[in-house]
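**Student:** Below you'll find the structure I mean.
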Amino acid sequence: MTPASRTLPRLLHRAHNAYLRLRKPLTLGARMVVRDGEGRFLLVHHTYRPGWFFPGGGVKKWESFEACAVREAREEAAVEVESVAGLFGVYAHFDQLRCDHVALFVADRWQPTSGRLSFEIAETRFFAPDDLPHDIHGATHRRIQEILGLRSIDPVW
């Protein structure tokens with residue numbers, strides 16, 4: 001992806017964040033943890049911001065947290081979640097004058113789909129716990145440590 005093709009998504013992301021700060025000071029989101037048979041974690045890299053994350057996004061009106069996490073896994077990572085093992089935790093995220101709450105779910109069974117990835121995703125990849133990318137988002141790294149039992153659960157995203 002060229003630097004010019006990344007500019008528009010980044011500008012749209014900034015405009016969307018400015019809108020949220022003014023109109024929706026409380027936001028709700030969900031993310032899905034997907035692991036393969038080797039225990040690797042599926043992470044996504046967005047076109048509009050640096051770092052690697054679990055697939056996820058904002059909860060739509062009338063949508064449950066779990067339904068959001070399943071939808072985002074499909075849209076961002078081309079994964080159809082067949083069964084959710086459960087809710088791992090709910091985390092608060094306070095920055096940019098916003099109050100964001102994120103529910104983290106773990107996929108029990110899933111299948112790859114032939115669907116196209118969202119335009120906002122530059123890349124998806126599975127990473128072994130001992131070979132995570134150097135630019136993984138700090139909260140994603142903390143969640144992986146919690147899932148592996150290497151860190152106690154921190155309620156802040």
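A note on labels: chains of the structure tokens are A, B, ... as shown, every chain counts residues from 1, and ligands are counted from 1 in their shown order.
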Give me the residues within 10 Å of segment 97-114 of chain A as a CSV table (one decimal) with C-alpha atoms, in the first residue's frame, counting only C-alpha atoms and dropping any in the same chain fewer than 5 places off.
**Tutor:**
```csv
chain,number,residue,atom,x,y,z
A,17,ASN,CA,-12.6,10.2,16.4
A,18,ALA,CA,-13.3,14.0,16.5
A,20,LEU,CA,-17.1,10.6,18.6
A,21,ARG,CA,-15.5,13.0,21.1
A,22,LEU,CA,-18.1,15.6,20.4
A,24,LYS,CA,-20.6,10.2,21.6
A,25,PRO,CA,-18.4,10.6,24.6
A,26,LEU,CA,-19.2,7.0,25.6
A,27,THR,CA,-18.4,4.3,23.0
A,28,LEU,CA,-18.8,0.5,23.1
A,29,GLY,CA,-16.7,-2.0,21.2
A,30,ALA,CA,-15.9,-5.6,21.0
A,31,ARG,CA,-12.9,-7.7,19.8
A,32,MET,CA,-12.5,-11.4,19.0
A,33,VAL,CA,-9.5,-13.6,19.9
A,34,VAL,CA,-9.0,-16.2,17.2
A,35,ARG,CA,-6.3,-18.8,17.7
A,36,ASP,CA,-5.2,-21.6,15.2
A,54,PHE,CA,-7.4,-8.4,17.6
A,56,GLY,CA,-12.9,-5.7,16.4
A,57,GLY,CA,-14.8,-2.5,16.3
A,58,GLY,CA,-17.8,-0.5,17.4
A,59,VAL,CA,-21.1,-2.0,18.5
A,65,PHE,CA,-21.3,-7.2,22.1
A,66,GLU,CA,-20.8,-10.8,21.1
A,68,CYS,CA,-20.3,-7.3,17.1
A,69,ALA,CA,-17.2,-9.3,17.8
A,70,VAL,CA,-18.3,-12.1,15.5
A,73,ALA,CA,-13.9,-11.1,12.9
A,74,ARG,CA,-15.7,-11.8,9.6
A,75,GLU,CA,-15.3,-8.3,8.2
A,77,ALA,CA,-10.1,-11.0,9.2
A,78,ALA,CA,-12.3,-13.1,6.9
A,79,VAL,CA,-13.1,-15.6,9.7
A,80,GLU,CA,-16.5,-17.0,10.4
A,81,VAL,CA,-16.8,-17.7,14.1
A,82,GLU,CA,-18.9,-20.8,14.6
A,83,SER,CA,-18.8,-20.9,18.4
A,84,VAL,CA,-17.7,-18.4,21.1
A,85,ALA,CA,-16.0,-19.9,24.1
A,86,GLY,CA,-17.1,-16.9,26.1
A,87,LEU,CA,-16.4,-13.4,27.3
A,88,PHE,CA,-12.8,-13.0,28.4
A,89,GLY,CA,-13.3,-9.6,29.9
A,90,VAL,CA,-14.6,-6.0,29.6
A,91,TYR,CA,-12.0,-3.3,29.5
A,92,ALA,CA,-12.2,0.5,29.9
A,143,ARG,CA,-4.5,-9.2,26.6
A,147,ILE,CA,-4.9,-15.1,28.1
A,155,PRO,CA,-9.4,-3.7,33.6
A,156,VAL,CA,-7.9,-0.9,31.5
A,157,TRP,CA,-7.6,-1.4,27.8
```
**Student:** How far is it from atom CA of Leu42 of chain A to atom CA of Thr124 of chain A, in Å with one decimal?
**Tutor:**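 That distance, rounded to one decimal, is 7.0 Å.
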**Student:** According to DSSP computed on the backbone, where in chain A is there strand (DSSP E)? Give the residues as a ChimeraX atom specification.
**Tutor:** /A:26-33,41-46,52-53,56-58,79-95,98-112,121-127
**Student:** When you count only C-alpha atoms, which of these residues is closest to Arg142 of chain A: A:Phe126, A:Phe53, A:Tyr48, A:Trp62?
**Tutor:** A:Phe53
**Student:** Quick one: everything within 12 Å of Asp131 of chain A, counting only C-alpha atoms, minus sequence neighbours fewer than 6 positions away in the same chain. Send it as a PyMOL selection string.
**Tutor:** chain A and resi 39-41+125+141+144
**Student:** If you run DSSP on the backbone, which residues of chain A are alpha helix (DSSP H), as a PDB file with N, CA and C atoms, in the first residue's frame?
**Tutor:**
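selection15.pdb was written with the following content:
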```pdb
ATOM      1  N   PRO A   3       2.016   5.281   0.454  1.00  0.00           N
ATOM      2  CA  PRO A   3       1.708   6.289   1.482  1.00  0.00           C
ATOM      3  C   PRO A   3       0.485   7.133   1.126  1.00  0.00           C
ATOM      4  N   ALA A   4       0.318   7.444  -0.165  1.00  0.00           N
ATOM      5  CA  ALA A   4      -0.834   8.246  -0.579  1.00  0.00           C
ATOM      6  C   ALA A   4      -2.143   7.503  -0.336  1.00  0.00           C
ATOM      7  N   SER A   5      -2.170   6.188  -0.534  1.00  0.00           N
ATOM      8  CA  SER A   5      -3.405   5.431  -0.339  1.00  0.00           C
ATOM      9  C   SER A   5      -3.733   5.249   1.140  1.00  0.00           C
ATOM     10  N   ARG A   6      -2.785   5.519   2.022  1.00  0.00           N
ATOM     11  CA  ARG A   6      -3.036   5.441   3.463  1.00  0.00           C
ATOM     12  C   ARG A   6      -3.524   6.764   4.034  1.00  0.00           C
ATOM     13  N   THR A   7      -3.332   7.854   3.321  1.00  0.00           N
ATOM     14  CA  THR A   7      -3.684   9.173   3.824  1.00  0.00           C
ATOM     15  C   THR A   7      -5.174   9.317   4.056  1.00  0.00           C
ATOM     16  N   LEU A   8      -6.008   8.944   3.092  1.00  0.00           N
ATOM     17  CA  LEU A   8      -7.449   9.101   3.233  1.00  0.00           C
ATOM     18  C   LEU A   8      -8.004   8.300   4.408  1.00  0.00           C
ATOM     19  N   PRO A   9      -7.665   7.009   4.552  1.00  0.00           N
ATOM     20  CA  PRO A   9      -8.177   6.289   5.723  1.00  0.00           C
ATOM     21  C   PRO A   9      -7.756   6.918   7.048  1.00  0.00           C
ATOM     22  N   ARG A  10      -6.539   7.435   7.121  1.00  0.00           N
ATOM     23  CA  ARG A  10      -6.082   8.072   8.361  1.00  0.00           C
ATOM     24  C   ARG A  10      -6.867   9.347   8.634  1.00  0.00           C
ATOM     25  N   LEU A  11      -7.114  10.143   7.599  1.00  0.00           N
ATOM     26  CA  LEU A  11      -7.894  11.365   7.773  1.00  0.00           C
ATOM     27  C   LEU A  11      -9.324  11.044   8.189  1.00  0.00           C
ATOM     28  N   LEU A  12      -9.896  10.015   7.577  1.00  0.00           N
ATOM     29  CA  LEU A  12     -11.253   9.604   7.954  1.00  0.00           C
ATOM     30  C   LEU A  12     -11.292   9.118   9.394  1.00  0.00           C
ATOM     31  N   HIS A  13     -10.261   8.382   9.819  1.00  0.00           N
ATOM     32  CA  HIS A  13     -10.179   7.893  11.202  1.00  0.00           C
ATOM     33  C   HIS A  13     -10.114   9.070  12.174  1.00  0.00           C
ATOM     34  N   ARG A  14      -9.308  10.066  11.870  1.00  0.00           N
ATOM     35  CA  ARG A  14      -9.198  11.248  12.740  1.00  0.00           C
ATOM     36  C   ARG A  14     -10.518  12.014  12.793  1.00  0.00           C
ATOM     37  N   ALA A  15     -11.163  12.164  11.649  1.00  0.00           N
ATOM     38  CA  ALA A  15     -12.451  12.859  11.627  1.00  0.00           C
ATOM     39  C   ALA A  15     -13.495  12.086  12.428  1.00  0.00           C
ATOM     40  N   HIS A  16     -13.492  10.774  12.297  1.00  0.00           N
ATOM     41  CA  HIS A  16     -14.428   9.931  13.046  1.00  0.00           C
ATOM     42  C   HIS A  16     -14.175  10.056  14.549  1.00  0.00           C
ATOM     43  N   ASN A  17     -12.922  10.062  14.969  1.00  0.00           N
ATOM     44  CA  ASN A  17     -12.597  10.227  16.390  1.00  0.00           C
ATOM     45  C   ASN A  17     -13.040  11.596  16.900  1.00  0.00           C
ATOM     46  N   ALA A  18     -12.856  12.636  16.095  1.00  0.00           N
ATOM     47  CA  ALA A  18     -13.309  13.970  16.503  1.00  0.00           C
ATOM     48  C   ALA A  18     -14.826  13.988  16.673  1.00  0.00           C
ATOM     49  N   TYR A  19     -15.532  13.361  15.750  1.00  0.00           N
ATOM     50  CA  TYR A  19     -16.997  13.255  15.855  1.00  0.00           C
ATOM     51  C   TYR A  19     -17.401  12.524  17.140  1.00  0.00           C
ATOM     52  N   LEU A  20     -16.730  11.410  17.427  1.00  0.00           N
ATOM     53  CA  LEU A  20     -17.059  10.636  18.628  1.00  0.00           C
ATOM     54  C   LEU A  20     -16.823  11.445  19.898  1.00  0.00           C
ATOM     55  N   ARG A  21     -15.735  12.214  19.935  1.00  0.00           N
ATOM     56  CA  ARG A  21     -15.452  13.022  21.123  1.00  0.00           C
ATOM     57  C   ARG A  21     -16.565  14.033  21.372  1.00  0.00           C
ATOM     58  N   LEU A  22     -17.109  14.590  20.307  1.00  0.00           N
ATOM     59  CA  LEU A  22     -18.139  15.621  20.445  1.00  0.00           C
ATOM     60  C   LEU A  22     -19.537  15.044  20.637  1.00  0.00           C
ATOM     61  N   ARG A  23     -19.888  14.021  19.891  1.00  0.00           N
ATOM     62  CA  ARG A  23     -21.264  13.524  19.869  1.00  0.00           C
ATOM     63  C   ARG A  23     -21.494  12.268  20.696  1.00  0.00           C
ATOM     64  N   PHE A  65     -22.726  -7.221  22.173  1.00  0.00           N
ATOM     65  CA  PHE A  65     -21.268  -7.208  22.135  1.00  0.00           C
ATOM     66  C   PHE A  65     -20.745  -8.436  21.388  1.00  0.00           C
ATOM     67  N   GLU A  66     -21.311  -9.601  21.696  1.00  0.00           N
ATOM     68  CA  GLU A  66     -20.845 -10.837  21.067  1.00  0.00           C
ATOM     69  C   GLU A  66     -21.091 -10.817  19.555  1.00  0.00           C
ATOM     70  N   ALA A  67     -22.279 -10.366  19.140  1.00  0.00           N
ATOM     71  CA  ALA A  67     -22.583 -10.290  17.708  1.00  0.00           C
ATOM     72  C   ALA A  67     -21.620  -9.331  17.009  1.00  0.00           C
ATOM     73  N   CYS A  68     -21.267  -8.256  17.670  1.00  0.00           N
ATOM     74  CA  CYS A  68     -20.304  -7.306  17.108  1.00  0.00           C
ATOM     75  C   CYS A  68     -18.943  -7.973  16.911  1.00  0.00           C
ATOM     76  N   ALA A  69     -18.477  -8.693  17.920  1.00  0.00           N
ATOM     77  CA  ALA A  69     -17.172  -9.349  17.824  1.00  0.00           C
ATOM     78  C   ALA A  69     -17.149 -10.371  16.691  1.00  0.00           C
ATOM     79  N   VAL A  70     -18.240 -11.137  16.545  1.00  0.00           N
ATOM     80  CA  VAL A  70     -18.335 -12.133  15.471  1.00  0.00           C
ATOM     81  C   VAL A  70     -18.336 -11.433  14.111  1.00  0.00           C
ATOM     82  N   ARG A  71     -19.119 -10.359  13.981  1.00  0.00           N
ATOM     83  CA  ARG A  71     -19.191  -9.606  12.720  1.00  0.00           C
ATOM     84  C   ARG A  71     -17.836  -9.012  12.361  1.00  0.00           C
ATOM     85  N   GLU A  72     -17.169  -8.422  13.337  1.00  0.00           N
ATOM     86  CA  GLU A  72     -15.872  -7.797  13.069  1.00  0.00           C
ATOM     87  C   GLU A  72     -14.814  -8.828  12.672  1.00  0.00           C
ATOM     88  N   ALA A  73     -14.862 -10.027  13.262  1.00  0.00           N
ATOM     89  CA  ALA A  73     -13.927 -11.087  12.853  1.00  0.00           C
ATOM     90  C   ALA A  73     -14.151 -11.440  11.382  1.00  0.00           C
ATOM     91  N   ARG A  74     -15.419 -11.475  10.978  1.00  0.00           N
ATOM     92  CA  ARG A  74     -15.742 -11.782   9.579  1.00  0.00           C
ATOM     93  C   ARG A  74     -15.267 -10.654   8.664  1.00  0.00           C
ATOM     94  N   GLU A  75     -15.579  -9.406   9.025  1.00  0.00           N
ATOM     95  CA  GLU A  75     -15.274  -8.263   8.168  1.00  0.00           C
ATOM     96  C   GLU A  75     -13.784  -7.937   8.117  1.00  0.00           C
ATOM     97  N   GLU A  76     -13.113  -8.007   9.258  1.00  0.00           N
ATOM     98  CA  GLU A  76     -11.720  -7.580   9.308  1.00  0.00           C
ATOM     99  C   GLU A  76     -10.714  -8.697   9.062  1.00  0.00           C
ATOM    100  N   ALA A  77     -11.110  -9.945   9.332  1.00  0.00           N
ATOM    101  CA  ALA A  77     -10.131 -11.030   9.229  1.00  0.00           C
ATOM    102  C   ALA A  77     -10.591 -12.196   8.363  1.00  0.00           C
ATOM    103  N   GLY A 138      -0.039  -2.008  22.563  1.00  0.00           N
ATOM    104  CA  GLY A 138       0.232  -2.367  23.951  1.00  0.00           C
ATOM    105  C   GLY A 138      -0.904  -3.119  24.620  1.00  0.00           C
ATOM    106  N   ALA A 139      -2.148  -2.682  24.395  1.00  0.00           N
ATOM    107  CA  ALA A 139      -3.294  -3.357  25.008  1.00  0.00           C
ATOM    108  C   ALA A 139      -3.457  -4.763  24.455  1.00  0.00           C
ATOM    109  N   THR A 140      -3.226  -4.954  23.176  1.00  0.00           N
ATOM    110  CA  THR A 140      -3.321  -6.286  22.576  1.00  0.00           C
ATOM    111  C   THR A 140      -2.268  -7.204  23.175  1.00  0.00           C
ATOM    112  N   HIS A 141      -1.076  -6.680  23.354  1.00  0.00           N
ATOM    113  CA  HIS A 141      -0.009  -7.473  23.964  1.00  0.00           C
ATOM    114  C   HIS A 141      -0.374  -7.864  25.403  1.00  0.00           C
ATOM    115  N   ARG A 142      -0.936  -6.921  26.164  1.00  0.00           N
ATOM    116  CA  ARG A 142      -1.347  -7.229  27.541  1.00  0.00           C
ATOM    117  C   ARG A 142      -2.444  -8.289  27.569  1.00  0.00           C
ATOM    118  N   ARG A 143      -3.403  -8.211  26.629  1.00  0.00           N
ATOM    119  CA  ARG A 143      -4.480  -9.211  26.593  1.00  0.00           C
ATOM    120  C   ARG A 143      -3.918 -10.595  26.288  1.00  0.00           C
ATOM    121  N   ILE A 144      -2.947 -10.686  25.379  1.00  0.00           N
ATOM    122  CA  ILE A 144      -2.332 -11.980  25.066  1.00  0.00           C
ATOM    123  C   ILE A 144      -1.650 -12.540  26.306  1.00  0.00           C
ATOM    124  N   GLN A 145      -0.935 -11.694  27.037  1.00  0.00           N
ATOM    125  CA  GLN A 145      -0.287 -12.153  28.266  1.00  0.00           C
ATOM    126  C   GLN A 145      -1.325 -12.651  29.279  1.00  0.00           C
ATOM    127  N   GLU A 146      -2.454 -11.953  29.369  1.00  0.00           N
ATOM    128  CA  GLU A 146      -3.518 -12.375  30.290  1.00  0.00           C
ATOM    129  C   GLU A 146      -4.107 -13.715  29.864  1.00  0.00           C
ATOM    130  N   ILE A 147      -4.357 -13.873  28.579  1.00  0.00           N
ATOM    131  CA  ILE A 147      -4.921 -15.122  28.064  1.00  0.00           C
ATOM    132  C   ILE A 147      -3.982 -16.292  28.344  1.00  0.00           C
TER     133      ILE A 147
END
```
**Student:** Rounded to one decimal, what separation in Å do you get between atom CA of Arg116 of chain A and atom CA of His45 of chain A?
**Tutor:**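 Atom CA of His45 of chain A lies at a distance of 15.0 Å from atom CA of Arg116 of chain A.
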**Student:** What does the structure give for the distance between atom CA of Pro133 of chain A and atom CA of Arg151 of chain A, in Å to one decimal?
**Tutor:**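 Going from atom CA of Pro133 of chain A over to atom CA of Arg151 of chain A, I get 18.8 Å.
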